[in-house]
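Coordinates as given in input_1.pdb (PDB, C-alpha atoms):
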ATOM      1  CA  MET R   1      78.614  71.832  72.293
ATOM      2  CA  ASP R   2      80.385  71.496  68.950
ATOM      3  CA  THR R   3      84.104  72.193  69.631
ATOM      4  CA  SER R   4      85.364  71.332  66.155
ATOM      5  CA  ARG R   5      85.513  75.027  65.190
ATOM      6  CA  LEU R   6      86.376  76.418  68.613
ATOM      7  CA  SER R   7      88.886  79.280  68.368
ATOM      8  CA  LEU R   8      90.363  80.936  71.453
ATOM      9  CA  ASP R   9      91.816  84.444  71.258
ATOM     10  CA  SER R  10      95.023  84.731  73.327
ATOM     11  CA  ARG R  11      94.081  88.296  74.302
ATOM     12  CA  LEU R  12      90.783  87.102  75.745
ATOM     13  CA  LEU R  13      92.582  84.319  77.620
ATOM     14  CA  GLU R  14      94.946  86.889  79.131
ATOM     15  CA  THR R  15      92.009  89.003  80.282
ATOM     16  CA  PHE R  16      90.308  85.910  81.712
ATOM     17  CA  ARG R  17      93.484  84.931  83.589
ATOM     18  CA  ALA R  18      93.796  88.421  85.096
ATOM     19  CA  VAL R  19      90.158  88.395  86.252
ATOM     20  CA  ALA R  20      90.404  84.871  87.673
ATOM     21  CA  GLN R  21      93.546  85.615  89.653
ATOM     22  CA  ALA R  22      92.387  89.026  90.895
ATOM     23  CA  GLY R  23      88.894  87.824  91.791
ATOM     24  CA  LYS R  24      87.427  91.181  90.740
ATOM     25  CA  ILE R  25      86.683  92.824  87.402
ATOM     26  CA  SER R  26      87.820  96.214  88.748
ATOM     27  CA  ALA R  27      91.200  94.902  89.961
ATOM     28  CA  ALA R  28      91.839  93.105  86.672
ATOM     29  CA  ALA R  29      90.945  96.263  84.749
ATOM     30  CA  ARG R  30      93.623  98.195  86.647
ATOM     31  CA  THR R  31      96.187  95.476  85.953
ATOM     32  CA  LEU R  32      95.360  95.405  82.237
ATOM     33  CA  HIS R  33      94.996  99.212  81.929
ATOM     34  CA  LEU R  34      91.485  98.762  80.529
ATOM     35  CA  SER R  35      88.079 100.045  81.561
ATOM     36  CA  GLN R  36      85.780  97.752  83.546
ATOM     37  CA  PRO R  37      83.200  97.631  80.702
ATOM     38  CA  ALA R  38      85.960  96.591  78.278
ATOM     39  CA  VAL R  39      87.064  93.747  80.570
ATOM     40  CA  THR R  40      83.470  92.622  81.089
ATOM     41  CA  ALA R  41      82.875  92.641  77.321
ATOM     42  CA  GLN R  42      85.983  90.513  76.708
ATOM     43  CA  ILE R  43      84.916  87.956  79.328
ATOM     44  CA  ARG R  44      81.453  87.740  77.756
ATOM     45  CA  ARG R  45      83.009  87.258  74.326
ATOM     46  CA  LEU R  46      85.212  84.435  75.642
ATOM     47  CA  GLU R  47      82.200  82.789  77.292
ATOM     48  CA  GLU R  48      80.362  83.028  73.971
ATOM     49  CA  ASP R  49      83.346  81.470  72.187
ATOM     50  CA  VAL R  50      83.500  78.481  74.559
ATOM     51  CA  GLY R  51      79.706  78.195  74.751
ATOM     52  CA  ARG R  52      79.328  78.238  78.529
ATOM     53  CA  PRO R  53      79.775  80.517  81.570
ATOM     54  CA  LEU R  54      83.229  80.582  83.150
ATOM     55  CA  LEU R  55      82.678  82.821  86.171
ATOM     56  CA  VAL R  56      80.133  83.098  88.945
ATOM     57  CA  ARG R  57      79.348  86.679  89.935
ATOM     58  CA  THR R  58      79.185  87.252  93.725
ATOM     59  CA  ALA R  59      78.734  90.259  96.006
ATOM     60  CA  ARG R  60      82.513  90.366  96.518
ATOM     61  CA  GLY R  61      83.592  89.868  92.904
ATOM     62  CA  VAL R  62      83.821  86.748  90.774
ATOM     63  CA  GLU R  63      84.697  83.100  91.319
ATOM     64  CA  LEU R  64      85.524  80.342  88.873
ATOM     65  CA  ASN R  65      83.033  77.611  88.113
ATOM     66  CA  GLU R  66      84.245  74.165  86.999
ATOM     67  CA  PRO R  67      84.723  75.058  83.273
ATOM     68  CA  GLY R  68      86.490  78.230  84.394
ATOM     69  CA  ARG R  69      88.895  76.280  86.609
ATOM     70  CA  ILE R  70      89.720  73.989  83.701
ATOM     71  CA  LEU R  71      90.281  76.884  81.300
ATOM     72  CA  LEU R  72      92.421  78.850  83.787
ATOM     73  CA  GLY R  73      95.091  76.161  83.727
ATOM     74  CA  PHE R  74      95.294  76.357  79.941
ATOM     75  CA  ALA R  75      95.255  80.182  80.022
ATOM     76  CA  ILE R  76      98.266  80.222  82.355
ATOM     77  CA  ARG R  77     100.149  77.715  80.187
ATOM     78  CA  SER R  78      99.280  79.631  77.014
ATOM     79  CA  GLY R  79     100.547  82.880  78.504
ATOM     80  CA  ALA R  80     103.749  81.207  79.669
ATOM     81  CA  LEU R  81     104.372  79.830  76.174
ATOM     82  CA  LEU R  82     103.878  83.265  74.589
ATOM     83  CA  GLU R  83     106.232  84.798  77.152
ATOM     84  CA  GLU R  84     108.809  82.121  76.348
ATOM     85  CA  ALA R  85     108.503  83.053  72.669
ATOM     86  CA  ARG R  86     108.992  86.732  73.453
ATOM     87  CA  GLY R  87     112.045  85.880  75.517
ATOM     88  CA  ALA R  88     113.524  83.799  72.699
ATOM     89  CA  LEU R  89     113.029  86.647  70.243
ATOM     90  CA  ARG R  90     114.628  89.153  72.605
ATOM     91  CA  GLY R  91     117.617  86.830  72.556
ATOM     92  CA  ALA R  92     120.345  89.356  73.071
ATOM     93  CA  GLU R  93     118.967  90.672  76.387
ATOM     94  CA  PRO R  94     121.526  89.718  79.070
ATOM     95  CA  LEU R  95     120.237  87.318  81.739
ATOM     96  CA  GLY R  96     122.627  88.352  84.495
ATOM     97  CA  GLY R  97     122.413  91.117  87.067
ATOM     98  CA  GLU R  98     121.246  91.285  90.641
ATOM     99  CA  LEU R  99     117.530  90.864  91.304
ATOM    100  CA  VAL R 100     116.385  93.473  93.834
ATOM    101  CA  ILE R 101     112.945  93.161  95.446
ATOM    102  CA  GLY R 102     111.214  94.896  98.340
ATOM    103  CA  ALA R 103     108.705  92.763 100.249
ATOM    104  CA  SER R 104     106.539  93.020 103.320
ATOM    105  CA  THR R 105     107.350  90.419 105.931
ATOM    106  CA  THR R 106     104.531  87.909 105.354
ATOM    107  CA  VAL R 107     105.172  87.765 101.619
ATOM    108  CA  ALA R 108     108.936  87.587 102.101
ATOM    109  CA  ALA R 109     108.598  84.562 104.382
ATOM    110  CA  ASP R 110     105.754  82.600 102.824
ATOM    111  CA  VAL R 111     105.456  83.505  99.112
ATOM    112  CA  LEU R 112     108.711  84.790  97.625
ATOM    113  CA  PRO R 113     110.860  81.699  98.318
ATOM    114  CA  ARG R 114     108.539  79.624  96.125
ATOM    115  CA  LEU R 115     108.592  82.242  93.363
ATOM    116  CA  LEU R 116     112.372  82.476  93.438
ATOM    117  CA  GLU R 117     112.735  78.688  93.268
ATOM    118  CA  THR R 118     110.691  78.422  90.056
ATOM    119  CA  PHE R 119     112.345  81.522  88.584
ATOM    120  CA  PHE R 120     115.835  80.103  89.172
ATOM    121  CA  ARG R 121     114.787  76.811  87.587
ATOM    122  CA  ALA R 122     113.604  78.695  84.507
ATOM    123  CA  GLU R 123     116.467  81.191  84.196
ATOM    124  CA  GLY R 124     119.313  79.929  86.349
ATOM    125  CA  ALA R 125     120.384  81.080  89.790
ATOM    126  CA  GLY R 126     121.760  84.543  90.334
ATOM    127  CA  GLY R 127     122.245  87.259  92.897
ATOM    128  CA  VAL R 128     119.202  88.398  94.879
ATOM    129  CA  ARG R 129     118.860  91.287  97.307
ATOM    130  CA  LEU R 130     115.611  91.141  99.275
ATOM    131  CA  GLU R 131     114.732  94.235 101.292
ATOM    132  CA  VAL R 132     112.113  93.414 103.945
ATOM    133  CA  GLY R 133     109.904  95.940 105.700
ATOM    134  CA  ASN R 134     106.273  96.632 106.438
ATOM    135  CA  THR R 135     103.885  97.621 103.654
ATOM    136  CA  GLY R 136     104.365 101.352 104.132
ATOM    137  CA  GLN R 137     108.140 101.040 103.974
ATOM    138  CA  VAL R 138     108.110  98.919 100.794
ATOM    139  CA  ILE R 139     105.825 101.377  99.004
ATOM    140  CA  GLU R 140     108.125 104.238 100.028
ATOM    141  CA  TRP R 141     111.163 102.356  98.647
ATOM    142  CA  VAL R 142     109.442 101.936  95.287
ATOM    143  CA  GLN R 143     108.348 105.601  95.281
ATOM    144  CA  ARG R 144     111.940 106.793  95.582
ATOM    145  CA  ALA R 145     113.341 104.026  93.317
ATOM    146  CA  ALA R 146     115.361 102.389  96.105
ATOM    147  CA  VAL R 147     114.012  99.078  94.768
ATOM    148  CA  PRO R 148     112.641  98.491  91.229
ATOM    149  CA  LEU R 149     109.595  96.544  92.408
ATOM    150  CA  GLY R 150     107.965  95.422  95.621
ATOM    151  CA  ILE R 151     105.262  93.066  96.792
ATOM    152  CA  VAL R 152     103.027  94.145  99.654
ATOM    153  CA  GLU R 153      99.932  93.181 101.606
ATOM    154  CA  GLY R 154      96.886  95.260 102.336
ATOM    155  CA  PRO R 155      96.344  98.581 100.559
ATOM    156  CA  SER R 156      94.420  99.100  97.340
ATOM    157  CA  ARG R 157      96.068 102.385  96.315
ATOM    158  CA  ALA R 158      99.205 104.445  96.910
ATOM    159  CA  SER R 159     100.505 107.670  95.429
ATOM    160  CA  ARG R 160     103.095 107.471  92.625
ATOM    161  CA  VAL R 161     103.037 103.657  92.703
ATOM    162  CA  ARG R 162     100.948 101.195  90.670
ATOM    163  CA  LEU R 163      99.462  98.435  92.816
ATOM    164  CA  GLU R 164      98.698  95.296  90.807
ATOM    165  CA  PRO R 165      96.787  92.513  92.638
ATOM    166  CA  PHE R 166      98.683  89.230  92.484
ATOM    167  CA  LEU R 167      97.435  86.684  95.041
ATOM    168  CA  GLN R 168      94.586  86.494  97.500
ATOM    169  CA  ASP R 169      95.059  85.870 101.206
ATOM    170  CA  GLU R 170      92.918  85.589 104.304
ATOM    171  CA  LEU R 171      93.918  86.379 107.874
ATOM    172  CA  LEU R 172      92.614  83.692 110.231
ATOM    173  CA  PRO R 173      92.293  83.994 114.031
ATOM    174  CA  ALA R 174      94.282  81.332 115.860
ATOM    175  CA  VAL R 175      95.144  80.258 119.391
ATOM    176  CA  ALA R 176      97.394  77.545 120.817
ATOM    177  CA  ALA R 177      96.190  73.986 120.281
ATOM    178  CA  ASP R 178      96.100  73.608 124.097
ATOM    179  CA  ALA R 179      94.814  77.136 124.744
ATOM    180  CA  PRO R 180      92.991  77.813 128.029
ATOM    181  CA  PRO R 181      89.179  78.119 127.898
ATOM    182  CA  SER R 182      89.352  81.919 128.021
ATOM    183  CA  LEU R 183      91.038  81.895 124.588
ATOM    184  CA  ALA R 184      89.506  78.772 123.071
ATOM    185  CA  SER R 185      85.963  80.052 123.771
ATOM    186  CA  VAL R 186      86.330  83.177 121.624
ATOM    187  CA  ARG R 187      83.463  83.051 119.107
ATOM    188  CA  ARG R 188      82.306  86.631 118.498
ATOM    189  CA  PRO R 189      84.215  89.827 117.655
ATOM    190  CA  SER R 190      83.237  91.316 121.022
ATOM    191  CA  ASP R 191      84.951  88.370 122.773
ATOM    192  CA  LEU R 192      88.277  89.749 121.516
ATOM    193  CA  GLU R 193      87.972  92.643 123.967
ATOM    194  CA  ARG R 194      88.247  90.315 126.982
ATOM    195  CA  VAL R 195      91.403  88.481 125.814
ATOM    196  CA  PRO R 196      94.879  89.563 124.659
ATOM    197  CA  VAL R 197      95.383  90.016 120.931
ATOM    198  CA  ILE R 198      98.836  89.696 119.362
ATOM    199  CA  TRP R 199      99.250  92.512 116.812
ATOM    200  CA  ARG R 200     101.757  93.452 114.157
ATOM    201  CA  GLU R 201     103.290  96.935 114.381
ATOM    202  CA  PRO R 202     101.468 100.079 113.108
ATOM    203  CA  GLY R 203     102.078 100.466 109.359
ATOM    204  CA  SER R 204     101.835  96.706 108.791
ATOM    205  CA  GLY R 205      99.374  95.644 106.104
ATOM    206  CA  THR R 206      98.333  92.704 108.295
ATOM    207  CA  ARG R 207      97.372  94.973 111.171
ATOM    208  CA  THR R 208      95.495  97.404 108.929
ATOM    209  CA  VAL R 209      93.355  94.637 107.390
ATOM    210  CA  VAL R 210      92.476  93.096 110.778
ATOM    211  CA  GLU R 211      91.674  96.444 112.393
ATOM    212  CA  ARG R 212      89.364  97.374 109.525
ATOM    213  CA  ALA R 213      87.618  93.978 109.623
ATOM    214  CA  LEU R 214      86.989  94.246 113.376
ATOM    215  CA  ARG R 215      85.809  97.851 113.054
ATOM    216  CA  ARG R 216      83.223  96.762 110.487
ATOM    217  CA  LEU R 217      81.902  94.093 112.870
ATOM    218  CA  LEU R 218      82.005  96.096 116.100
ATOM    219  CA  GLY R 219      80.954  99.453 114.621
ATOM    220  CA  ARG R 220      83.986 101.023 116.317
ATOM    221  CA  PRO R 221      87.676 100.279 116.964
ATOM    222  CA  ARG R 222      88.346  97.315 119.245
ATOM    223  CA  ARG R 223      89.087  98.373 122.820
ATOM    224  CA  HIS R 224      92.654  97.875 124.007
ATOM    225  CA  HIS R 225      93.313  94.959 126.382
ATOM    226  CA  PRO R 226      96.137  95.306 128.951
ATOM    227  CA  GLY R 227      97.605  91.989 127.791
ATOM    228  CA  ASP R 228      97.840  92.974 124.111
ATOM    229  CA  LEU R 229     101.207  92.344 122.460
ATOM    230  CA  GLN R 230     102.819  94.042 119.447
ATOM    231  CA  LEU R 231     105.393  91.999 117.533
ATOM    232  CA  GLY R 232     107.390  92.781 114.414
ATOM    233  CA  SER R 233     106.911  89.668 112.268
ATOM    234  CA  GLY R 234     104.432  86.949 111.425
ATOM    235  CA  GLU R 235     106.828  84.284 112.678
ATOM    236  CA  ALA R 236     107.087  85.999 116.079
ATOM    237  CA  ILE R 237     103.284  86.100 116.256
ATOM    238  CA  ARG R 238     103.043  82.382 115.447
ATOM    239  CA  HIS R 239     105.468  81.564 118.277
ATOM    240  CA  ALA R 240     103.541  83.782 120.707
ATOM    241  CA  VAL R 241     100.250  82.147 119.732
ATOM    242  CA  ARG R 242     101.720  78.643 120.254
ATOM    243  CA  LEU R 243     102.841  79.740 123.734
ATOM    244  CA  GLY R 244      99.252  80.706 124.615
ATOM    245  CA  LEU R 245      99.899  84.438 124.908
ATOM    246  CA  GLY R 246      96.752  85.480 123.044
ATOM    247  CA  VAL R 247      94.798  85.402 119.805
ATOM    248  CA  GLY R 248      96.840  86.045 116.662
ATOM    249  CA  PHE R 249      95.752  86.630 113.085
ATOM    250  CA  LEU R 250      97.814  84.496 110.721
ATOM    251  CA  SER R 251      98.076  84.492 106.947
ATOM    252  CA  ARG R 252      96.521  81.499 105.264
ATOM    253  CA  TRP R 253      99.764  81.222 103.278
ATOM    254  CA  SER R 254     101.707  80.651 106.499
ATOM    255  CA  LEU R 255      99.611  77.650 107.574
ATOM    256  CA  GLY R 256     100.166  74.077 106.492
ATOM    257  CA  PRO R 257      97.281  71.771 105.556
ATOM    258  CA  GLU R 258      97.007  70.668 109.207
ATOM    259  CA  PRO R 259      97.473  73.679 111.528
ATOM    260  CA  GLY R 260      97.014  71.472 114.598
ATOM    261  CA  ARG R 261     100.342  69.787 113.895
ATOM    262  CA  GLY R 262     101.966  73.181 114.220
ATOM    263  CA  GLY R 263     100.496  73.672 117.681
ATOM    264  CA  LEU R 264      97.711  75.955 116.432
ATOM    265  CA  ARG R 265      93.932  75.932 116.563
ATOM    266  CA  LEU R 266      91.857  78.082 114.225
ATOM    267  CA  LEU R 267      88.898  79.946 115.684
ATOM    268  CA  ALA R 268      85.494  80.270 114.017
ATOM    269  CA  LEU R 269      85.030  83.998 114.642
ATOM    270  CA  LYS R 270      81.499  84.785 113.532
ATOM    271  CA  GLY R 271      81.233  87.283 110.687
ATOM    272  CA  LEU R 272      84.957  87.936 110.315
ATOM    273  CA  ASP R 273      86.084  88.688 106.757
ATOM    274  CA  ALA R 274      89.766  89.636 106.770
ATOM    275  CA  ARG R 275      90.634  88.914 103.162
ATOM    276  CA  ARG R 276      93.251  90.925 101.328
ATOM    277  CA  ASP R 277      95.391  91.002  98.214
ATOM    278  CA  PHE R 278      99.105  90.536  97.938
ATOM    279  CA  SER R 279      99.956  93.165  95.320
ATOM    280  CA  TRP R 280     102.942  94.162  93.241
ATOM    281  CA  ALA R 281     104.102  97.727  93.922
ATOM    282  CA  LEU R 282     105.418  99.037  90.614
ATOM    283  CA  PRO R 283     106.734 102.271  89.127
ATOM    284  CA  ALA R 284     105.183 103.712  85.976
ATOM    285  CA  GLY R 285     106.132 101.989  82.725
ATOM    286  CA  GLU R 286     107.620  98.597  81.957
ATOM    287  CA  LEU R 287     110.312  97.088  84.167
ATOM    288  CA  PRO R 288     113.550  96.370  82.295
ATOM    289  CA  GLY R 289     116.129  93.641  82.887
ATOM    290  CA  ARG R 290     115.966  90.926  85.489
ATOM    291  CA  ALA R 291     113.291  92.604  87.613
ATOM    292  CA  GLY R 292     111.008  92.699  84.582
ATOM    293  CA  ARG R 293     111.673  89.051  83.749
ATOM    294  CA  PHE R 294     110.980  88.047  87.350
ATOM    295  CA  LEU R 295     107.683  89.959  87.359
ATOM    296  CA  ARG R 296     106.578  88.356  84.092
ATOM    297  CA  HIS R 297     107.561  84.915  85.390
ATOM    298  CA  ALA R 298     105.572  85.459  88.613
ATOM    299  CA  ARG R 299     102.463  86.539  86.719
ATOM    300  CA  ARG R 300     102.605  83.343  84.670
ATOM    301  CA  ASN R 301     103.558  80.995  87.503
ATOM    302  CA  PRO R 302     101.737  82.077  90.670
ATOM    303  CA  PRO R 303     102.458  79.900  93.718
ATOM    304  CA  GLU R 304      99.656  77.942  95.352
ATOM    305  CA  PRO R 305      98.643  77.686  99.017
ATOM    306  CA  PHE R 306      98.718  74.135 100.419
ATOM    307  CA  GLY R 307      99.958  72.693  97.116
ATOM    308  CA  ARG R 308      96.563  72.874  95.384
ATOM    309  CA  GLY R 309      95.877  73.623  91.716
ATOM    310  CA  SER R 310      95.907  77.118  90.238
ATOM    311  CA  SER R 311      92.252  77.615  91.148
ATOM    312  CA  ALA R 312      93.381  77.888  94.785
ATOM    313  CA  LEU R 313      93.988  81.564  94.086
ATOM    314  CA  LEU R 314      90.239  81.896  94.517
ATOM    315  CA  PHE R 315      90.061  79.879  97.696
ATOM    316  CA  SER R 316      87.071  79.089  99.895
ATOM    317  CA  ARG R 317      86.854  79.865 103.579
ATOM    318  CA  GLU R 318      86.872  76.242 104.705
ATOM    319  CA  LEU R 319      89.334  76.680 107.594
ATOM    320  CA  GLY R 320      88.108  77.968 110.914
TER     321      GLY R 320
END
As structure tokens, how would this structure be written, given the file I've shared?
Amino acid sequence: MDTSRLSLDSRLLETFRAVAQAGKISAAARTLHLSQPAVTAQIRRLEEDVGRPLLVRTARGVELNEPGRILLGFAIRSGALLEEARGALRGAEPLGGELVIGASTTVAADVLPRLLETFFRAEGAGGVRLEVGNTGQVIEWVQRAAVPLGIVEGPSRASRVRLEPFLQDELLPAVAADAPPSLASVRRPSDLERVPVIWREPGSGTRTVVERALRRLLGRPRRHHPGDLQLGSGEAIRHAVRLGLGVGFLSRWSLGPEPGRGGLRLLALKGLDARRDFSWALPAGELPGRAGRFLRHARRNPPEPFGRGSSALLFSRELG
């Protein structure tokens, strides 16, 4: 391919970045406030400009091929540079003020600290008030303007709130590394009805995603086991799993590169697909002030599970 006259449109790069990070044309279209055909047309135009495909279409959405992974890194850097230019031109906008965020518990523990660290490096430290609740609570706080923005797990829509996909996650079944055979031998969804399962509370995005995934596999809701537990945080579930109290479903973001060192063993549960989005919960219109700057920074600098490159946002299902 002759690249001597290659010209890349920043608008097409922004659309490509949104599609790559969302993993779906439809989700990116909502984020960009465009129609799906318009997003598809822009991706095709970019692929024509670079002279090769960038995405692989799958039954669940799209994934990056090798040229796409290379270009995504440049698209993120290009967007960050343009945002830096906009910030320099705004100039007079004050940088101070308290940053208020609502977050569901998994995101608050495993994602937000990394975002805040890079944001403080870029802008300087400042006051932060983090309100933590389950997904339903965070959406309700944004609806009544108790917090200017939130980040939640699970749902794809909510009334009076814009949900913008941000990161992808997968909930993985785990038991203690030294779990008894009754737990370690779980292989099929139906096996979960003969062992205790450690659940989050009703209203949790984590619980909703797992219940729906099991219902799809079983053709009905999973039957209750007398040893089932209900705990109010992901960290409490991790501790209970390590103690051998049952099977827990843990966010991929909460696991290190070697779960066994944390006293955990991942199960290969046949057919399970418990993937979900972490999404921004936003009011209508643009966010002003520090909340708006934090949101723009997060879009340009998404964190990465297990310290991989930016393409990890479209991760494979290699664990388990």
Practice problem: Would you kindly translate the PyMOL selection byres ((chain R and resi 115) around 8) into the concrete residues it picks from this file, as a ChimeraX atom specification? | Solution: /R:111-114,116-119,298,301-303
Distance cut-off 10 Å, centre (92.3, 85.7, 108.1) in file coordinates, counting all atoms listed in the file: which residues qualify? Return them as a compact mmCIF listing (two decimals) with C-alpha atoms, keeping the file's coordinate frame.
# COMPACT_ATOMS: atom_id res chain seq x y z
CA ASP R 169 95.06 85.87 101.21
CA GLU R 170 92.92 85.59 104.30
CA LEU R 171 93.92 86.38 107.87
CA LEU R 172 92.61 83.69 110.23
CA PRO R 173 92.29 83.99 114.03
CA ALA R 174 94.28 81.33 115.86
CA THR R 206 98.33 92.70 108.30
CA VAL R 209 93.36 94.64 107.39
CA VAL R 210 92.48 93.10 110.78
CA ALA R 213 87.62 93.98 109.62
CA GLY R 248 96.84 86.04 116.66
CA PHE R 249 95.75 86.63 113.08
CA LEU R 250 97.81 84.50 110.72
CA SER R 251 98.08 84.49 106.95
CA ARG R 252 96.52 81.50 105.26
CA TRP R 253 99.76 81.22 103.28
CA LEU R 266 91.86 78.08 114.22
CA LEU R 269 85.03 84.00 114.64
CA LEU R 272 84.96 87.94 110.32
CA ASP R 273 86.08 88.69 106.76
CA ALA R 274 89.77 89.64 106.77
CA ARG R 275 90.63 88.91 103.16
CA ARG R 276 93.25 90.92 101.33
CA ARG R 317 86.85 79.86 103.58
CA LEU R 319 89.33 76.68 107.59
CA GLY R 320 88.11 77.97 110.91
### Query
If you apply the PyMOL selection byres ((chain R and resi 134-144) around 12) to this file, what residues do you get, as a VMD selection string?
chain R and resid 100 to 108 130 to 133 145 to 163 200 to 209 232 to 234 278 to 284
Write out as a PDB file with C-alpha atoms, in the coordinates of the input which residues come within 9 Å of segment 220-224 of chain R when counting all atoms listed in the file, dropping same-chain ones fewer than 5 positions away.
ATOM      1  CA  PRO R 189      84.215  89.827 117.655  1.00  0.00           C
ATOM      2  CA  SER R 190      83.237  91.316 121.022  1.00  0.00           C
ATOM      3  CA  LEU R 192      88.277  89.749 121.516  1.00  0.00           C
ATOM      4  CA  GLU R 193      87.972  92.643 123.967  1.00  0.00           C
ATOM      5  CA  PRO R 196      94.879  89.563 124.659  1.00  0.00           C
ATOM      6  CA  VAL R 197      95.383  90.016 120.931  1.00  0.00           C
ATOM      7  CA  GLU R 211      91.674  96.444 112.393  1.00  0.00           C
ATOM      8  CA  ARG R 212      89.364  97.374 109.525  1.00  0.00           C
ATOM      9  CA  LEU R 214      86.989  94.246 113.376  1.00  0.00           C
ATOM     10  CA  ARG R 215      85.809  97.851 113.054  1.00  0.00           C
TER      11      ARG R 215
END
Grab all the atoms of segment 193-196 of chain R that the file lists, wrap them in a box along x, y and z, add 6 Å per side, and give me centre plus edge lengths in Å (one decimal) as lines of an AutoDock Vina configuration file.
center_x = 91.4
center_y = 90.6
center_z = 125.5
size_x = 18.9
size_y = 16.2
size_z = 15.0
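The coordinates place atom CA of Gly61 of chain R at 4.6 Å from atom CA of Lys24 of chain R.
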Do you have the atom CA of Leu64 of chain R-atom CA of Leu295 of chain R distance handy?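 Straight-line distance from atom CA of Leu64 of chain R to atom CA of Leu295 of chain R works out to 24.2 Å.
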Incomplete segment 158-171 of chain R filled out to N, CA and C atoms as a PDB file, keeping the file's coordinate frame:
ATOM      1  N   ALA R 158      98.088 103.693  96.333  1.00  0.00           N
ATOM      2  CA  ALA R 158      99.205 104.445  96.910  1.00  0.00           C
ATOM      3  C   ALA R 158      99.647 105.478  95.889  1.00  0.00           C
ATOM      4  N   SER R 159     100.102 106.612  96.351  1.00  0.00           N
ATOM      5  CA  SER R 159     100.505 107.670  95.429  1.00  0.00           C
ATOM      6  C   SER R 159     101.824 107.318  94.746  1.00  0.00           C
ATOM      7  N   ARG R 160     101.905 107.621  93.453  1.00  0.00           N
ATOM      8  CA  ARG R 160     103.095 107.471  92.625  1.00  0.00           C
ATOM      9  C   ARG R 160     103.570 106.021  92.500  1.00  0.00           C
ATOM     10  N   VAL R 161     102.704 105.078  92.815  1.00  0.00           N
ATOM     11  CA  VAL R 161     103.037 103.657  92.703  1.00  0.00           C
ATOM     12  C   VAL R 161     101.809 102.929  92.152  1.00  0.00           C
ATOM     13  N   ARG R 162     102.028 102.042  91.171  1.00  0.00           N
ATOM     14  CA  ARG R 162     100.948 101.195  90.670  1.00  0.00           C
ATOM     15  C   ARG R 162     100.859  99.945  91.541  1.00  0.00           C
ATOM     16  N   LEU R 163      99.678  99.657  92.049  1.00  0.00           N
ATOM     17  CA  LEU R 163      99.462  98.435  92.816  1.00  0.00           C
ATOM     18  C   LEU R 163      98.673  97.458  91.958  1.00  0.00           C
ATOM     19  N   GLU R 164      99.278  96.308  91.693  1.00  0.00           N
ATOM     20  CA  GLU R 164      98.698  95.296  90.807  1.00  0.00           C
ATOM     21  C   GLU R 164      98.396  94.043  91.624  1.00  0.00           C
ATOM     22  N   PRO R 165      97.114  93.713  91.852  1.00  0.00           N
ATOM     23  CA  PRO R 165      96.787  92.513  92.638  1.00  0.00           C
ATOM     24  C   PRO R 165      97.434  91.268  92.038  1.00  0.00           C
ATOM     25  N   PHE R 166      97.955  90.421  92.932  1.00  0.00           N
ATOM     26  CA  PHE R 166      98.683  89.230  92.484  1.00  0.00           C
ATOM     27  C   PHE R 166      98.075  87.957  93.055  1.00  0.00           C
ATOM     28  N   LEU R 167      97.990  87.861  94.378  1.00  0.00           N
ATOM     29  CA  LEU R 167      97.435  86.684  95.041  1.00  0.00           C
ATOM     30  C   LEU R 167      96.426  87.125  96.082  1.00  0.00           C
ATOM     31  N   GLN R 168      95.523  86.224  96.427  1.00  0.00           N
ATOM     32  CA  GLN R 168      94.586  86.494  97.500  1.00  0.00           C
ATOM     33  C   GLN R 168      95.021  85.784  98.769  1.00  0.00           C
ATOM     34  N   ASP R 169      94.703  86.415  99.903  1.00  0.00           N
ATOM     35  CA  ASP R 169      95.059  85.870 101.206  1.00  0.00           C
ATOM     36  C   ASP R 169      93.883  86.088 102.143  1.00  0.00           C
ATOM     37  N   GLU R 170      93.898  85.381 103.250  1.00  0.00           N
ATOM     38  CA  GLU R 170      92.918  85.589 104.304  1.00  0.00           C
ATOM     39  C   GLU R 170      93.633  85.475 105.640  1.00  0.00           C
ATOM     40  N   LEU R 171      93.345  86.400 106.537  1.00  0.00           N
ATOM     41  CA  LEU R 171      93.918  86.379 107.874  1.00  0.00           C
ATOM     42  C   LEU R 171      92.957  85.654 108.806  1.00  0.00           C
TER      43      LEU R 171
END
